[in-house]
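**Student:** Pasting upload_35.txt below, which is compact mmCIF, C-alpha atoms.
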```
# COMPACT_ATOMS: atom_id res chain seq x y z
CA MET U 1 0.00 0.00 0.00
CA ILE U 2 2.77 2.44 0.96
CA GLN U 3 4.74 1.54 -2.18
CA THR U 4 1.66 2.18 -4.31
CA ILE U 5 1.24 5.65 -2.81
CA VAL U 6 4.93 6.42 -3.34
CA ASN U 7 4.69 5.32 -6.99
CA ALA U 8 1.51 7.39 -7.43
CA PHE U 9 3.36 10.57 -6.43
CA LYS U 10 5.73 10.02 -9.37
CA ASP U 11 2.89 10.68 -11.79
CA LYS U 12 2.00 14.37 -12.16
CA ASP U 13 -1.75 13.94 -12.73
CA ILE U 14 -2.23 11.47 -9.88
CA ARG U 15 -0.09 13.63 -7.59
CA LYS U 16 -2.43 16.56 -8.27
CA LYS U 17 -5.43 14.41 -7.37
CA LEU U 18 -3.80 13.21 -4.16
CA LEU U 19 -2.90 16.76 -3.13
CA PHE U 20 -6.40 17.96 -3.99
CA THR U 21 -7.88 15.19 -1.82
CA ALA U 22 -5.53 16.13 1.04
CA PHE U 23 -6.56 19.79 0.67
CA ILE U 24 -10.27 18.91 0.94
CA ILE U 25 -9.55 16.79 4.03
CA LEU U 26 -7.70 19.77 5.54
CA ILE U 27 -10.75 22.00 4.93
CA PHE U 28 -12.95 19.36 6.56
CA ARG U 29 -10.74 19.17 9.64
CA ILE U 30 -10.56 23.00 9.93
CA GLY U 31 -14.34 23.18 9.79
CA SER U 32 -14.51 20.48 12.46
CA VAL U 33 -12.86 22.81 15.00
CA ILE U 34 -14.66 26.11 14.16
CA PRO U 35 -17.41 26.57 16.78
CA VAL U 36 -21.00 27.41 15.93
CA PRO U 37 -22.05 30.95 16.97
CA PHE U 38 -23.91 31.40 20.28
CA LEU U 39 -22.61 28.16 21.79
CA ASN U 40 -20.74 28.01 25.08
CA ILE U 41 -18.94 24.65 25.04
CA VAL U 42 -15.74 24.89 27.06
CA GLU U 43 -15.03 21.16 27.23
CA GLU U 44 -16.46 18.18 25.37
CA ILE U 45 -20.22 17.64 25.51
CA GLU U 46 -21.15 14.80 27.83
CA VAL U 47 -22.54 12.11 25.51
CA GLY U 48 -22.99 9.49 28.21
CA LYS U 49 -21.53 6.04 28.49
CA GLY U 50 -22.29 2.92 26.54
CA ASN U 51 -24.03 2.79 23.18
CA ASN U 52 -26.38 5.65 22.31
CA ILE U 53 -26.98 7.88 19.33
CA LEU U 54 -24.74 10.62 20.75
CA THR U 55 -21.67 8.38 21.10
CA TYR U 56 -22.31 7.13 17.56
CA LEU U 57 -22.43 10.69 16.18
CA SER U 58 -19.30 11.61 18.12
CA LEU U 59 -17.48 8.67 16.56
CA MET U 60 -18.66 9.34 13.00
CA THR U 61 -17.90 13.08 13.18
CA GLY U 62 -14.39 12.79 14.61
CA SER U 63 -15.50 14.43 17.90
CA ALA U 64 -16.85 17.49 16.01
CA PHE U 65 -20.27 16.68 17.49
CA THR U 66 -18.99 16.89 21.07
CA TYR U 67 -17.42 20.34 20.48
CA GLY U 68 -20.39 21.93 18.69
CA THR U 69 -18.55 22.89 15.50
CA ILE U 70 -20.00 23.88 12.12
CA PHE U 71 -19.40 20.33 10.83
CA ALA U 72 -20.96 18.71 13.90
CA MET U 73 -23.49 16.83 11.75
CA SER U 74 -20.67 15.60 9.48
CA ILE U 75 -21.56 13.22 6.67
CA THR U 76 -24.11 11.14 8.60
CA PRO U 77 -27.20 12.81 6.99
CA TYR U 78 -25.85 11.91 3.54
CA ILE U 79 -25.14 8.33 4.60
CA ASN U 80 -28.64 8.01 6.06
CA SER U 81 -30.24 9.47 2.92
CA SER U 82 -28.24 7.08 0.70
CA ILE U 83 -29.41 4.11 2.76
CA ILE U 84 -33.01 5.34 2.64
CA MET U 85 -32.82 5.73 -1.14
CA GLN U 86 -31.49 2.18 -1.50
CA LEU U 87 -34.36 0.82 0.57
CA LEU U 88 -36.97 2.92 -1.23
CA GLY U 89 -35.54 1.79 -4.57
CA VAL U 90 -36.94 -1.67 -3.81
CA ALA U 91 -40.28 -0.49 -2.40
CA ILE U 92 -41.10 2.26 -4.95
CA PRO U 93 -41.29 1.16 -8.62
CA ALA U 94 -40.56 4.67 -9.92
CA LEU U 95 -37.19 4.78 -8.12
CA GLU U 96 -36.39 1.25 -9.26
CA LYS U 97 -37.08 2.37 -12.83
CA LEU U 98 -34.75 5.36 -12.40
CA GLN U 99 -31.96 3.04 -11.25
CA LYS U 100 -32.20 1.20 -14.57
CA GLU U 101 -32.20 4.31 -16.80
CA GLY U 102 -28.42 4.65 -16.90
CA GLU U 103 -26.66 7.97 -16.48
CA GLU U 104 -29.79 10.13 -16.58
CA GLY U 105 -31.47 7.99 -13.96
CA ARG U 106 -28.42 8.18 -11.70
CA LYS U 107 -28.38 11.97 -11.97
CA LYS U 108 -32.01 12.18 -10.87
CA ILE U 109 -31.40 9.80 -7.96
CA THR U 110 -28.35 11.86 -6.95
CA ALA U 111 -30.44 15.05 -6.97
CA ILE U 112 -33.12 13.40 -4.81
CA THR U 113 -30.44 12.11 -2.43
CA ARG U 114 -28.99 15.61 -2.08
CA GLY U 115 -32.40 17.07 -1.26
CA LEU U 116 -33.10 14.32 1.26
CA THR U 117 -29.67 14.96 2.81
CA ILE U 118 -30.54 18.63 3.42
CA VAL U 119 -33.89 17.63 4.96
CA LEU U 120 -32.26 15.07 7.27
CA GLY U 121 -29.50 17.55 8.11
CA LEU U 122 -32.13 20.14 9.05
CA LEU U 123 -34.01 17.68 11.27
CA GLN U 124 -30.79 16.47 12.87
CA SER U 125 -29.63 20.06 13.45
CA LEU U 126 -32.99 20.92 15.01
CA ALA U 127 -32.73 17.96 17.41
CA TYR U 128 -29.12 18.91 18.21
CA PHE U 129 -30.20 22.49 19.00
CA PHE U 130 -32.86 21.33 21.48
CA PHE U 131 -30.30 19.01 23.08
CA LEU U 132 -27.84 21.90 23.49
CA ARG U 133 -30.51 24.19 24.91
CA ALA U 134 -31.76 21.57 27.36
CA ASN U 135 -28.23 20.99 28.69
CA GLY U 136 -27.29 24.66 29.03
CA TYR U 137 -24.75 24.92 26.19
CA LEU U 138 -26.25 28.11 24.69
CA MET U 139 -24.84 31.54 25.47
CA THR U 140 -26.91 33.90 27.63
CA PRO U 141 -26.38 37.64 28.09
CA ALA U 142 -25.19 39.19 31.34
CA THR U 143 -28.75 40.32 32.08
CA GLY U 144 -29.94 36.71 32.29
CA GLU U 145 -31.98 35.71 29.23
CA TYR U 146 -32.51 36.79 25.66
CA ASN U 147 -35.84 38.30 24.68
CA THR U 148 -38.12 36.38 22.31
CA PHE U 149 -36.66 37.87 19.12
CA GLU U 150 -33.09 37.19 20.23
CA GLN U 151 -33.96 33.60 21.16
CA VAL U 152 -35.54 32.98 17.74
CA PHE U 153 -32.57 34.62 16.00
CA GLN U 154 -30.15 32.50 18.01
CA ALA U 155 -32.03 29.29 17.13
CA VAL U 156 -32.22 30.17 13.41
CA VAL U 157 -28.49 30.95 13.21
CA ILE U 158 -27.41 27.76 15.00
CA ILE U 159 -29.71 25.49 12.97
CA ALA U 160 -28.81 27.24 9.69
CA VAL U 161 -25.06 26.96 10.34
CA LEU U 162 -25.32 23.26 11.23
CA THR U 163 -27.49 22.51 8.18
CA GLY U 164 -25.16 24.55 5.97
CA GLY U 165 -22.23 22.56 7.33
CA THR U 166 -23.96 19.37 6.20
CA ALA U 167 -24.41 20.80 2.69
CA VAL U 168 -20.77 21.94 2.54
CA ILE U 169 -19.48 18.51 3.60
CA MET U 170 -21.66 16.85 0.98
CA TRP U 171 -20.23 19.23 -1.65
CA LEU U 172 -16.65 18.57 -0.46
CA GLY U 173 -17.23 14.83 -0.77
CA GLU U 174 -18.52 15.23 -4.32
CA GLN U 175 -15.46 17.30 -5.24
CA ILE U 176 -13.17 14.52 -4.02
CA THR U 177 -15.08 11.99 -6.10
CA LYS U 178 -14.90 14.25 -9.15
CA GLU U 179 -11.39 15.72 -8.95
CA GLY U 180 -9.57 13.63 -6.35
CA ILE U 181 -8.92 9.99 -5.51
CA GLY U 182 -11.48 7.58 -4.11
CA ASN U 183 -15.09 7.98 -3.03
CA GLY U 184 -15.40 11.42 -1.45
CA ILE U 185 -17.99 10.53 1.16
CA SER U 186 -15.96 7.52 2.29
CA ILE U 187 -12.76 9.59 2.42
CA ILE U 188 -14.39 12.21 4.67
CA LEU U 189 -15.80 9.51 6.93
CA PHE U 190 -12.33 7.92 7.00
CA ALA U 191 -10.72 11.26 7.96
CA GLY U 192 -13.21 11.80 10.78
CA ILE U 193 -12.51 8.39 12.33
CA VAL U 194 -8.73 8.68 11.91
CA SER U 195 -8.81 12.02 13.75
CA ARG U 196 -9.72 10.10 16.90
CA PHE U 197 -6.47 8.12 16.83
CA PRO U 198 -4.51 10.65 18.95
CA THR U 199 -7.20 10.37 21.65
CA LEU U 200 -6.98 6.58 21.51
CA ILE U 201 -3.18 6.61 21.77
CA THR U 202 -3.34 9.07 24.68
CA GLN U 203 -5.84 6.81 26.38
CA LEU U 204 -3.48 3.84 26.11
CA PHE U 205 -0.56 5.88 27.50
CA ARG U 206 -2.70 6.91 30.46
CA TYR U 207 -3.26 3.26 31.27
CA LEU U 208 0.50 2.71 31.19
CA GLU U 209 1.12 5.75 33.40
CA THR U 210 -0.89 4.13 36.19
CA GLY U 211 2.09 1.79 36.67
CA ARG U 212 -0.12 -1.23 37.23
CA THR U 213 1.24 -4.53 35.96
CA VAL U 214 -2.09 -5.59 34.51
CA TYR U 215 -2.15 -2.56 32.19
CA LYS U 216 1.48 -3.12 31.18
CA VAL U 217 0.31 -6.48 29.87
CA LEU U 218 -3.05 -5.43 28.41
CA VAL U 219 -1.86 -2.40 26.41
CA PRO U 220 0.65 -4.38 24.25
CA VAL U 221 -1.96 -7.12 23.87
CA VAL U 222 -4.49 -4.55 22.61
CA CYS U 223 -1.97 -3.22 20.06
CA VAL U 224 -1.22 -6.73 18.76
CA ILE U 225 -4.92 -7.59 18.57
CA PHE U 226 -5.54 -4.32 16.71
CA LEU U 227 -3.00 -5.27 14.02
CA LEU U 228 -4.39 -8.83 13.80
CA MET U 229 -7.90 -7.41 13.45
CA ILE U 230 -6.78 -5.23 10.54
CA ALA U 231 -5.29 -8.29 8.80
CA TYR U 232 -8.52 -10.18 9.48
CA ILE U 233 -10.65 -7.40 7.95
CA VAL U 234 -8.39 -7.27 4.87
CA LEU U 235 -8.90 -11.01 4.43
CA LEU U 236 -12.64 -10.59 4.90
CA ASP U 237 -12.82 -7.72 2.41
CA ASN U 238 -10.97 -9.66 -0.31
CA ALA U 239 -12.70 -13.02 0.27
CA GLU U 240 -15.10 -14.07 -2.48
CA ARG U 241 -16.79 -17.12 -3.97
CA ARG U 242 -16.11 -17.52 -7.67
CA VAL U 243 -18.99 -19.22 -9.46
CA PRO U 244 -17.76 -20.71 -12.78
CA ILE U 245 -19.52 -19.45 -15.93
CA GLN U 246 -19.34 -21.05 -19.38
CA TYR U 247 -20.47 -19.04 -22.43
CA ALA U 248 -21.92 -20.92 -25.38
CA LYS U 249 -20.32 -20.72 -28.81
CA ARG U 250 -22.20 -18.83 -31.49
CA VAL U 251 -21.42 -18.05 -35.12
CA VAL U 252 -21.96 -14.51 -36.41
CA GLY U 253 -21.20 -14.27 -40.12
CA ARG U 254 -17.90 -16.11 -40.61
CA LYS U 255 -16.68 -15.57 -37.06
CA MET U 256 -17.28 -17.63 -33.95
CA TYR U 257 -17.88 -15.87 -30.65
CA GLY U 258 -18.14 -17.14 -27.10
CA GLY U 259 -16.98 -20.46 -25.82
CA GLN U 260 -14.76 -18.93 -23.11
CA SER U 261 -14.89 -19.78 -19.44
CA THR U 262 -14.93 -17.16 -16.69
CA HIS U 263 -16.38 -16.76 -13.22
CA MET U 264 -18.90 -14.67 -11.32
CA PRO U 265 -17.33 -13.23 -8.13
CA ILE U 266 -19.64 -13.01 -5.11
CA LYS U 267 -18.11 -11.33 -2.07
CA ILE U 268 -18.28 -13.10 1.28
CA ASN U 269 -19.06 -9.83 3.06
CA MET U 270 -21.50 -8.58 0.44
CA SER U 271 -23.34 -6.18 2.78
CA GLY U 272 -20.21 -4.46 4.11
CA VAL U 273 -20.56 -2.54 7.36
CA LEU U 274 -24.28 -1.76 6.98
CA PRO U 275 -25.57 -4.65 9.17
CA ILE U 276 -23.42 -3.36 12.03
CA ILE U 277 -24.67 0.21 11.51
CA PHE U 278 -28.31 -0.91 11.39
CA ALA U 279 -27.93 -3.14 14.46
CA SER U 280 -26.11 -0.54 16.56
CA SER U 281 -28.67 2.13 15.58
CA ILE U 282 -31.58 -0.05 16.75
CA LEU U 283 -29.86 -0.96 20.02
CA SER U 284 -28.90 2.67 20.70
CA LEU U 285 -32.53 3.82 20.91
CA PRO U 286 -33.25 2.66 24.52
CA ALA U 287 -29.98 4.14 25.81
CA THR U 288 -30.76 7.41 24.01
CA VAL U 289 -34.26 7.57 25.51
CA GLN U 290 -32.81 6.91 28.96
CA MET U 291 -30.43 9.88 28.58
CA PHE U 292 -33.34 12.30 28.13
CA LEU U 293 -35.37 11.00 31.09
CA LYS U 294 -35.46 13.53 33.92
CA ASN U 295 -36.27 10.88 36.53
CA GLN U 296 -34.18 7.75 36.13
CA PRO U 297 -35.86 4.40 37.02
CA ALA U 298 -35.21 3.16 40.53
CA GLU U 299 -32.67 0.37 40.94
CA GLY U 300 -34.22 -3.08 40.76
CA THR U 301 -37.38 -2.04 38.91
CA PHE U 302 -38.44 -3.46 35.55
CA TRP U 303 -37.43 -0.36 33.57
CA ALA U 304 -34.05 -0.19 35.29
CA LYS U 305 -33.35 -3.80 34.29
CA PHE U 306 -34.69 -3.08 30.78
CA PHE U 307 -32.31 -0.16 30.22
CA ASP U 308 -29.40 -2.07 31.78
CA ALA U 309 -29.90 -4.83 29.20
CA PHE U 310 -29.19 -2.29 26.43
CA GLN U 311 -25.94 -1.05 27.94
CA SER U 312 -22.94 -2.06 25.83
CA ASP U 313 -21.21 -3.68 28.81
CA SER U 314 -23.73 -6.51 29.20
CA TRP U 315 -23.92 -10.00 27.71
CA TRP U 316 -27.58 -9.38 26.82
CA TYR U 317 -26.49 -6.50 24.61
CA ALA U 318 -23.81 -8.63 22.92
CA GLY U 319 -26.35 -11.38 22.21
CA MET U 320 -28.93 -8.99 20.74
CA TYR U 321 -26.20 -7.28 18.72
CA PHE U 322 -25.14 -10.62 17.22
CA ILE U 323 -28.72 -11.61 16.29
CA LEU U 324 -29.47 -8.23 14.68
CA ILE U 325 -26.25 -8.34 12.63
CA ILE U 326 -27.28 -11.72 11.19
CA PHE U 327 -30.81 -10.45 10.51
CA PHE U 328 -29.75 -7.24 8.75
CA ALA U 329 -27.09 -9.08 6.73
CA TYR U 330 -29.82 -11.26 5.22
CA PHE U 331 -32.16 -8.28 4.90
CA TYR U 332 -29.64 -6.16 2.98
CA SER U 333 -28.47 -9.01 0.73
CA THR U 334 -32.10 -9.69 -0.21
CA ILE U 335 -32.40 -6.09 -1.36
CA GLN U 336 -29.08 -5.95 -3.21
CA TYR U 337 -28.99 -9.39 -4.89
CA ASN U 338 -31.79 -10.82 -7.02
CA PRO U 339 -30.91 -14.40 -8.09
CA ILE U 340 -33.75 -14.46 -10.64
CA GLU U 341 -32.43 -11.33 -12.35
CA MET U 342 -28.86 -12.71 -12.22
CA ALA U 343 -30.03 -15.96 -13.86
CA ASN U 344 -31.94 -14.06 -16.56
CA ASN U 345 -28.89 -11.92 -17.35
CA LEU U 346 -26.77 -15.05 -17.72
CA ARG U 347 -29.29 -16.54 -20.14
CA LYS U 348 -29.40 -13.34 -22.22
CA GLN U 349 -25.60 -13.45 -22.52
CA ASN U 350 -25.66 -17.14 -23.52
CA GLY U 351 -23.91 -18.01 -20.26
CA ALA U 352 -24.56 -20.90 -17.91
CA ILE U 353 -23.14 -22.47 -14.78
CA PRO U 354 -21.61 -25.86 -15.67
CA GLY U 355 -23.88 -28.68 -14.52
CA ILE U 356 -26.82 -26.32 -13.81
CA ARG U 357 -29.69 -25.82 -16.25
CA PRO U 358 -30.57 -22.21 -17.21
CA GLY U 359 -33.61 -20.53 -15.71
CA ARG U 360 -35.15 -21.59 -12.41
CA PRO U 361 -32.43 -24.14 -11.50
CA THR U 362 -29.75 -21.44 -11.94
CA SER U 363 -31.61 -18.94 -9.77
CA ASP U 364 -32.17 -21.59 -7.07
CA TYR U 365 -28.48 -22.50 -7.18
CA LEU U 366 -27.43 -18.85 -6.87
CA MET U 367 -29.90 -18.32 -4.03
CA LYS U 368 -28.40 -21.28 -2.18
CA ILE U 369 -24.86 -19.93 -2.61
CA ILE U 370 -25.82 -16.39 -1.57
CA SER U 371 -27.65 -17.62 1.54
CA ARG U 372 -24.60 -19.54 2.69
CA LEU U 373 -22.21 -16.69 1.93
CA VAL U 374 -24.40 -14.19 3.79
CA LEU U 375 -24.30 -16.38 6.90
CA ILE U 376 -20.53 -16.81 6.69
CA GLY U 377 -19.99 -13.09 6.08
CA ALA U 378 -22.32 -12.10 8.92
CA LEU U 379 -20.54 -14.43 11.33
CA MET U 380 -17.16 -13.01 10.27
CA ILE U 381 -18.13 -9.35 10.70
CA SER U 382 -19.78 -10.26 14.02
CA VAL U 383 -16.34 -11.20 15.31
CA VAL U 384 -15.09 -7.68 14.53
CA ALA U 385 -18.18 -5.95 15.91
CA LEU U 386 -18.44 -7.96 19.13
CA PHE U 387 -14.75 -8.12 20.03
CA PRO U 388 -14.53 -4.65 21.71
CA ILE U 389 -17.71 -5.39 23.69
CA VAL U 390 -16.65 -8.86 24.82
CA TYR U 391 -13.12 -7.62 25.58
CA SER U 392 -14.45 -4.77 27.74
CA ILE U 393 -16.78 -7.11 29.65
CA ILE U 394 -13.98 -9.60 30.33
CA CYS U 395 -11.53 -6.86 31.37
CA GLU U 396 -14.10 -5.32 33.70
CA ALA U 397 -14.76 -8.68 35.33
CA ALA U 398 -11.02 -9.40 35.67
CA ILE U 399 -9.72 -5.97 36.73
CA LYS U 400 -12.51 -4.59 38.93
CA PRO U 401 -11.91 -7.12 41.75
CA LEU U 402 -8.27 -5.95 41.78
CA GLY U 403 -9.35 -2.51 42.94
CA ASP U 404 -9.72 -0.60 39.68
CA SER U 405 -12.21 2.18 40.34
CA ASP U 406 -12.74 2.73 36.60
CA GLY U 407 -14.08 -0.77 36.18
CA GLY U 408 -11.64 -2.07 33.61
CA MET U 409 -9.99 -1.08 30.36
CA THR U 410 -12.27 -0.03 27.54
CA ILE U 411 -11.62 0.30 23.80
CA SER U 412 -12.98 3.51 22.27
CA LEU U 413 -12.48 2.35 18.66
CA GLY U 414 -15.23 -0.11 17.73
CA GLY U 415 -15.54 -2.76 15.03
CA THR U 416 -17.59 -0.45 12.81
CA SER U 417 -14.75 2.06 12.67
CA LEU U 418 -12.16 -0.61 11.87
CA ILE U 419 -14.19 -2.06 9.00
CA ILE U 420 -14.78 1.43 7.55
CA LEU U 421 -11.11 2.39 7.89
CA VAL U 422 -9.75 -0.76 6.27
CA GLY U 423 -12.45 -0.88 3.58
CA VAL U 424 -11.91 2.74 2.50
CA ALA U 425 -8.12 2.33 2.53
CA LEU U 426 -8.25 -0.79 0.36
CA GLU U 427 -10.72 0.73 -2.09
CA THR U 428 -8.65 3.89 -2.43
CA VAL U 429 -5.47 1.89 -3.09
CA ARG U 430 -7.32 -0.15 -5.74
CA GLN U 431 -8.36 3.06 -7.50
CA LEU U 432 -4.78 4.32 -7.37
CA GLU U 433 -3.52 1.11 -8.91
CA SER U 434 -6.17 1.12 -11.63
CA GLN U 435 -5.41 4.73 -12.58
CA MET U 436 -1.69 3.98 -12.76
CA MET U 437 -2.33 0.90 -14.87
CA MET U 438 -4.39 3.00 -17.29
CA ARG U 439 -1.31 5.08 -18.01
CA HIS U 440 0.52 1.98 -19.29
CA TYR U 441 3.70 2.53 -17.34
CA LYS U 442 5.50 -0.77 -17.71
CA GLY U 443 6.69 -2.11 -14.38
CA PHE U 444 5.25 0.95 -12.59
CA LEU U 445 3.79 -1.14 -9.77
CA ASP U 446 6.89 -3.34 -9.37
```
Take the structure in this file and express it as structure tokens.

**Tutor:**
Amino acid sequence: MIQTIVNAFKDKDIRKKLLFTAFIILIFRIGSVIPVPFLNIVEEIEVGKGNNILTYLSLMTGSAFTYGTIFAMSITPYINSSIIMQLLGVAIPALEKLQKEGEEGRKKITAITRGLTIVLGLLQSLAYFFFLRANGYLMTPATGEYNTFEQVFQAVVIIAVLTGGTAVIMWLGEQITKEGIGNGISIILFAGIVSRFPTLITQLFRYLETGRTVYKVLVPVVCVIFLLMIAYIVLLDNAERRVPIQYAKRVVGRKMYGGQSTHMPIKINMSGVLPIIFASSILSLPATVQMFLKNQPAEGTFWAKFFDAFQSDSWWYAGMYFILIIFFAYFYSTIQYNPIEMANNLRKQNGAIPGIRPGRPTSDYLMKIISRLVLIGALMISVVALFPIVYSIICEAAIKPLGDSDGGMTISLGGTSLIILVGVALETVRQLESQMMMRHYKGFLD
């Protein structure tokens, strides 16, 4: 990967794209530290412990959410709108038709996605404003309170700046896709997550500074496991099942076409990180509701036990997380892959799977393969998603009896972040390699 980047800098055009991408990332990070007007956030916003929507937003925005900056909403509204459009593309025939209309259809879908992004950004900014006001993060004059006009003006400015930040980030991502390297939205999400690395490293050093023997053992173990997890995700990302395809011979005029053998690649992890995002979003709802309750349930009551079950440091949470990942993996693959359509396309191209008759038998065979691959892929990504949770539970159980008042050693970088980081890095390197190959430099990648 490093050698590929070094070789890319030798080409003038690719170097310009890399520098342009780096410049956009710099603008994104500058915007992530510029505070929104009328906010009084001296330290980080308290987002609570465990898994809730606030900790998720803090992770996805590179802590911009917890400092109330103009890019506090980050790219999450665009991601949510893209997911919604994918789901609606199956439910609404008009959108499904647009997806099949080629370039013009894609332009219309992109325009709808942009509009939906602004709407979601506005709603998210509105909710964020009420959260800030309820927790006393808004500025107040020396006299005590603003009058009605000043309060309305303050609300309009804050919400407009946050919504505008969402639109700017979306535009920056599109500029990377158009003029830079890689998918712009993914690159911005990647930059936001990477920006948390200094905090993670500082956290590990603080454990070492305690001087306790148990941390001197656990910190190196965490670093080794982190590297092994990256290698595991790379293997998962590249793993695929290659279904053999044989094309029939046909004579056109005096020439014979077809007859070659190839394969249809089906990725093991065909749904990517989306099952983890869906599952964590569902499980974050109870913890988020609990945060906004003025009167917390009394210890030992039904509601107290209910909310405790959705805390990320419980085995109940890990079990529900695992089940939901499996469910959403099947759900998303059902939307993305249509075995009947795949079988029909093979027949139109005079292709067939050796030993399988065209038509219904081919679609049933593909359905059987996809079902098995979805299960394998879901189980593999579950290992990445559940490891930080299981590790934290085990550490808490092992360290707390030794007198650790913090209750163990936690990992602030979850499986979702790792999969996104590795996936974006690999995809960007692939695009670099493909662009260098297009320039026909012999031995350029050697």

**Student:** Considering only C-alpha atoms, give me a table of residues in stretch 311-386 of chain U that are at most 9 Å from stretch 80-90 of chain U, with the closest atom pair and distance in Å for each, as a tab-separated table.

**Tutor:**
```
residue	atom	partner	partner_atom	distance
U:Tyr332	CA	U:Leu87	CA	8.8
U:Ile335	CA	U:Val90	CA	6.8
U:Gln336	CA	U:Gln86	CA	8.7
```

**Student:** Could you take the residues named above and write them with C-alpha atoms, as a PDB file, in the frame of the given file?

**Tutor:**
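Output below, filename selection-v6.pdb:
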```pdb
ATOM      1  CA  TYR U 332     -29.640  -6.160   2.980  1.00  0.00           C
ATOM      2  CA  ILE U 335     -32.400  -6.090  -1.360  1.00  0.00           C
ATOM      3  CA  GLN U 336     -29.080  -5.950  -3.210  1.00  0.00           C
TER       4      GLN U 336
END
```

**Student:** In Å, with one decimal, what is the gap from atom CA of U:Ser186 to atom CA of U:Pro286?

**Tutor:** 28.6 Å

**Student:** Identify which of the residues U:Gly184, U:Pro265, U:Gly272, U:Pro35 lies closest to U:Ile158, counting only C-alpha atoms when measuring atom-to-atom distances.

**Tutor:**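 Of the candidates, the smallest distance to U:Ile158 is held by U:Pro35.
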
**Student:** Quick one: everything within 12 Å of U:Leu19, counting only C-alpha atoms, minus sequence neighbours fewer than 3 positions away in the same chain. Send it as a tab-separated table (two decimals) with C-alpha atoms, keeping the file's coordinate frame.

**Tutor:**
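Output (selection-v1.tsv):
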```
chain	number	residue	atom	x	y	z
U	5	ILE	CA	1.24	5.65	-2.81
U	8	ALA	CA	1.51	7.39	-7.43
U	9	PHE	CA	3.36	10.57	-6.43
U	12	LYS	CA	2.00	14.37	-12.16
U	13	ASP	CA	-1.75	13.94	-12.73
U	14	ILE	CA	-2.23	11.47	-9.88
U	15	ARG	CA	-0.09	13.63	-7.59
U	16	LYS	CA	-2.43	16.56	-8.27
U	22	ALA	CA	-5.53	16.13	1.04
U	23	PHE	CA	-6.56	19.79	0.67
U	24	ILE	CA	-10.27	18.91	0.94
U	25	ILE	CA	-9.55	16.79	4.03
U	26	LEU	CA	-7.70	19.77	5.54
U	176	ILE	CA	-13.17	14.52	-4.02
U	179	GLU	CA	-11.39	15.72	-8.95
U	180	GLY	CA	-9.57	13.63	-6.35
U	181	ILE	CA	-8.92	9.99	-5.51
```

**Student:** Using only C-alpha atoms, which protein or nucleic acid residues come within 12 Å of U:Arg372? Drop anything in the same chain fewer than 4 positions from it, and give the result as a list in words.

**Tutor:**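 Everything that qualifies: Arg241, Ile266, Lys267, Ile268, Asn269, Met270, Ile326, Ala329, Tyr330, Ser333, Tyr365, Leu366, Met367, Lys368, Ile376, Gly377, Ala378 and Leu379 of chain U.
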
**Student:** Give me, please, the distance in Å between atom CA of U:Phe131 and atom CA of U:Ile282, quoted to one decimal.

**Tutor:**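 Separation of atom CA of U:Phe131 and atom CA of U:Ile282: 20.1 Å.
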
**Student:** Around all listed atoms of stretch 124-130 of chain U, padded 5 Å per side, what centre and edge lengths does the axis-aligned box have in Å to one decimal, as AutoDock Vina command-line options?

**Tutor:**
```
--center_x -31.1 --center_y 19.5 --center_z 17.2 --size_x 13.9 --size_y 16.0 --size_z 18.6
```

**Student:** Find, counting all atoms listed in the file, the residue in U:Ala239, U:Phe278, U:Ala304, U:Phe197 that gets nearest to U:Leu418.

**Tutor:**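 Closest candidate: U:Phe197.
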
**Student:** Give me, please, the distance in Å between atom CA of U:Leu432 and atom CA of U:Lys17, quoted to one decimal.

**Tutor:**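 Going from atom CA of U:Leu432 over to atom CA of U:Lys17, I get 10.1 Å.
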
**Student:** Tell me, as a count of residues only, which residues lie within 10 Å of stretch 216-221 of chain U, counting all atoms listed in the file; anything in the same chain fewer than 5 positions away does not count.

**Tutor:** 10

**Student:** Pick out the closest residue to U:Val424 from this set: U:Leu189, U:Ile381, U:Ile325, U:Leu227. Count all atoms listed in the file.

**Tutor:**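 Among the listed residues, U:Leu189 lies closest to U:Val424.
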
**Student:** For a quick check of understanding, using all atoms listed in the file, which of U:Ala352, U:Ile187, U:Ala91, U:Ser363 has the smallest distance to U:Asn338?

**Tutor:**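 Between U:Ala352, U:Ile187, U:Ala91, U:Ser363, the residue approaching U:Asn338 most closely is U:Ser363.
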
**Student:** Write out as a PDB file with C-alpha atoms, keeping the file's coordinate frame each polymer residue whose atoms come within 9 Å of U:Thr61, counting all atoms listed in the file; drop sequence neighbours fewer than 4 positions from it.

**Tutor:**
```
ATOM      1  CA  SER U  32     -14.510  20.480  12.460  1.00  0.00           C
ATOM      2  CA  TYR U  56     -22.310   7.130  17.560  1.00  0.00           C
ATOM      3  CA  LEU U  57     -22.430  10.690  16.180  1.00  0.00           C
ATOM      4  CA  PHE U  65     -20.270  16.680  17.490  1.00  0.00           C
ATOM      5  CA  THR U  66     -18.990  16.890  21.070  1.00  0.00           C
ATOM      6  CA  PHE U  71     -19.400  20.330  10.830  1.00  0.00           C
ATOM      7  CA  ALA U  72     -20.960  18.710  13.900  1.00  0.00           C
ATOM      8  CA  MET U  73     -23.490  16.830  11.750  1.00  0.00           C
ATOM      9  CA  SER U  74     -20.670  15.600   9.480  1.00  0.00           C
ATOM     10  CA  ILE U  75     -21.560  13.220   6.670  1.00  0.00           C
ATOM     11  CA  THR U  76     -24.110  11.140   8.600  1.00  0.00           C
ATOM     12  CA  LEU U 189     -15.800   9.510   6.930  1.00  0.00           C
ATOM     13  CA  GLY U 192     -13.210  11.800  10.780  1.00  0.00           C
ATOM     14  CA  ILE U 193     -12.510   8.390  12.330  1.00  0.00           C
TER      15      ILE U 193
END
```
